[in-house]
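Participant: What follows is coords_21.txt, made up of compact mmCIF, C-alpha atoms:
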```
# COMPACT_ATOMS: atom_id res chain seq x y z
CA MET K 10 115.87 -0.19 132.34
CA PHE K 11 118.40 -2.09 130.26
CA LEU K 12 117.48 -3.61 126.88
CA GLU K 13 119.30 -6.23 124.84
CA ILE K 14 117.96 -7.37 121.45
CA VAL K 15 119.55 -10.52 120.07
CA THR K 16 119.03 -12.11 116.64
CA PRO K 17 120.61 -15.24 115.16
CA GLU K 18 123.03 -12.95 113.30
CA ALA K 19 124.12 -10.49 116.00
CA ILE K 20 123.32 -8.45 119.09
CA LEU K 21 121.37 -5.56 117.56
CA PHE K 22 120.95 -3.39 120.61
CA SER K 23 122.38 -3.24 124.11
CA SER K 24 121.80 -0.08 126.13
CA GLU K 25 119.81 1.71 128.82
CA ILE K 26 116.36 2.87 127.67
CA ASP K 27 113.40 4.83 129.05
CA SER K 28 110.59 2.56 127.85
CA LEU K 29 109.73 -0.11 125.30
CA SER K 30 106.66 -1.04 123.22
CA VAL K 31 106.42 -4.48 121.63
CA PRO K 32 103.91 -6.43 119.49
CA GLY K 33 102.70 -9.17 121.83
CA ILE K 34 100.52 -12.00 120.58
CA ASP K 35 97.53 -10.46 122.41
CA GLY K 36 98.31 -6.90 121.28
CA GLU K 37 100.95 -4.22 121.66
CA PHE K 38 102.11 -3.47 125.21
CA GLN K 39 104.54 -1.07 126.84
CA MET K 40 107.02 -1.56 129.66
CA LEU K 41 108.47 1.17 131.87
CA ASN K 42 111.13 1.12 134.55
CA ASN K 43 110.26 -1.14 137.52
CA HIS K 44 107.67 -3.11 135.51
CA ALA K 45 106.59 -6.45 136.94
CA PRO K 46 108.44 -9.50 135.55
CA VAL K 47 107.12 -10.60 132.14
CA VAL K 48 107.73 -13.42 129.68
CA SER K 49 105.93 -13.04 126.34
CA VAL K 50 105.85 -14.33 122.78
CA LEU K 51 106.08 -11.58 120.17
CA LYS K 52 104.39 -11.55 116.79
CA GLU K 53 105.24 -9.78 113.55
CA GLY K 54 105.31 -6.04 114.06
CA THR K 55 107.53 -3.20 115.20
CA ILE K 56 109.45 -2.74 118.43
CA TYR K 57 109.52 0.90 119.62
CA ILE K 58 112.46 1.78 121.85
CA HIS K 59 112.20 5.07 123.73
CA VAL K 60 115.66 6.45 124.55
CA HIS K 61 116.57 9.59 126.46
CA SER K 62 119.20 10.48 123.86
CA GLN K 63 120.89 8.91 120.85
CA ASN K 64 124.26 10.51 121.65
CA HIS K 65 125.70 7.26 123.03
CA LEU K 66 124.35 5.03 120.24
CA GLU K 67 126.13 4.04 117.04
CA LEU K 68 123.26 3.29 114.64
CA ASN K 69 125.65 2.68 111.72
CA ASP K 70 126.82 -0.50 113.47
CA LEU K 71 123.30 -1.95 113.29
CA ASN K 72 123.20 -2.54 109.51
CA ASP K 73 120.22 -0.17 109.08
CA LYS K 74 117.86 -2.56 110.92
CA LEU K 75 117.29 -0.18 113.81
CA VAL K 76 116.24 3.31 112.67
CA ALA K 77 115.05 6.52 114.26
CA HIS K 78 111.29 7.13 114.11
CA ALA K 79 110.32 9.66 111.43
CA ASN K 80 108.48 11.95 113.89
CA ASP K 81 110.62 11.60 117.01
CA ASP K 82 114.40 11.05 117.16
CA LYS K 83 114.09 9.69 120.72
CA ILE K 84 112.20 6.65 119.42
CA LEU K 85 114.04 3.86 117.62
CA THR K 86 112.11 1.29 115.60
CA LEU K 87 112.91 -2.29 114.71
CA PRO K 88 110.61 -4.47 112.58
CA ILE K 89 110.50 -8.14 113.64
CA ASN K 90 108.88 -11.31 112.30
CA SER K 91 108.56 -12.98 115.71
CA GLY K 92 110.37 -13.29 118.99
CA THR K 93 110.42 -13.91 122.70
CA LEU K 94 110.76 -11.33 125.47
CA GLU K 95 111.82 -11.66 129.08
CA LEU K 96 111.78 -8.77 131.56
CA ASN K 97 113.14 -9.27 135.07
CA GLU K 98 114.64 -6.76 137.50
CA ASN K 99 114.68 -3.92 134.92
CA LYS K 100 116.54 -5.98 132.32
CA VAL K 101 114.77 -6.85 129.07
CA ILE K 102 116.10 -9.50 126.72
CA ILE K 103 114.44 -9.93 123.34
CA LEU K 104 115.29 -12.88 121.11
CA ALA K 105 114.04 -11.77 117.68
CA ASP K 106 114.10 -12.79 114.06
```
How would this structure read if it were set down as structure tokens?
Facilitator:
Amino acid sequence: MFLEIVTPEAILFSSEIDSLSVPGIDGEFQMLNNHAPVVSVLKEGTIYIHVHSQNHLELNDLNDKLVAHANDDKILTLPINSGTLELNENKVIILAD
């Protein structure tokens, strides 16, 4: 699936991913490829992005907001205060702050 994370300052992430976990208002939930369409409000917490490899990513361009998980370099983390998520046809767009 394809993920794009947008903030008021910049596009933080735009790439293919394996899966995604987000802090929804009713609890954390995960999305995999071919997930049913979803629109959700996100609360303060951490987004976990599961990537197959970091070889194609330039983390230095992300101003240290997106970092590799301490225990697994195939998981990227991004803390957010709130946001909105839309998933449709294997494309996820997150508007976050």
Participant: Rank K:Met10, K:Ile56, K:Ala45, K:Leu87 by their smallest atom-to-atom distance to Ser28 (chain K), using only C-alpha atoms, and report the top residue only.
Facilitator: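 Residue with the minimum atom-to-atom distance to Ser28 (chain K): K:Met10.
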Participant: Of the candidates K:Ser91, K:Asn80, K:Thr16, K:Thr55, which one gets nearest to Phe38 (chain K) if we count all atoms listed in the file?
Facilitator: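 Answer, going by the shortest atom-to-atom distance: K:Thr55.
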Participant: Between CA of Thr93 (chain K) and CA of Pro46 (chain K), what is the spacing in Å?
Facilitator: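 Pair CA of Pro46 (chain K) / CA of Thr93 (chain K) returns 13.7 Å.
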Participant: To one decimal place, how far is CA of Ala105 (chain K) from CA of His59 (chain K) in Å?
Facilitator: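 Separating CA of Ala105 (chain K) from CA of His59 (chain K) is a distance of 18.0 Å.
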Participant: Report as a ChimeraX atom specification all protein, DNA and RNA residues lying within 12 Å of Asp27 (chain K), evaluated on all atoms listed in the file, omitting residues in the same chain fewer than 2 positions from it.
Facilitator: /K:10-12,24-25,29-30,39-44,57-63,83-85,99-101
Participant: Write out as JSON, numbers by chain each polymer residue whose atoms come within 10 Å of Ile34 (chain K), counting all atoms listed in the file; drop sequence neighbours fewer than 2 positions from it.
Facilitator: {"K": [31, 32, 36, 37, 38, 49, 50, 51, 52, 53, 91]}
Participant: Quick one, how far is CA of Asp106 (chain K) from CA of Asp35 (chain K)?
Facilitator: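 These atoms are spaced 18.7 Å apart.
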Participant: Show which residues sit within 8 Å of region 18-22 of chain K, as a PyMOL selection string. Count all atoms listed in the file, and ignore same-chain residues fewer than 4 positions away.
Facilitator: chain K and resi 12-14+71+75
Participant: For Gly33 (chain K), which residue out of K:Pro17, K:Thr86, K:Asn97, K:Ile103 is the nearest one, using only C-alpha atoms?
Facilitator: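 Smallest distance to Gly33 (chain K) is found for K:Ile103.
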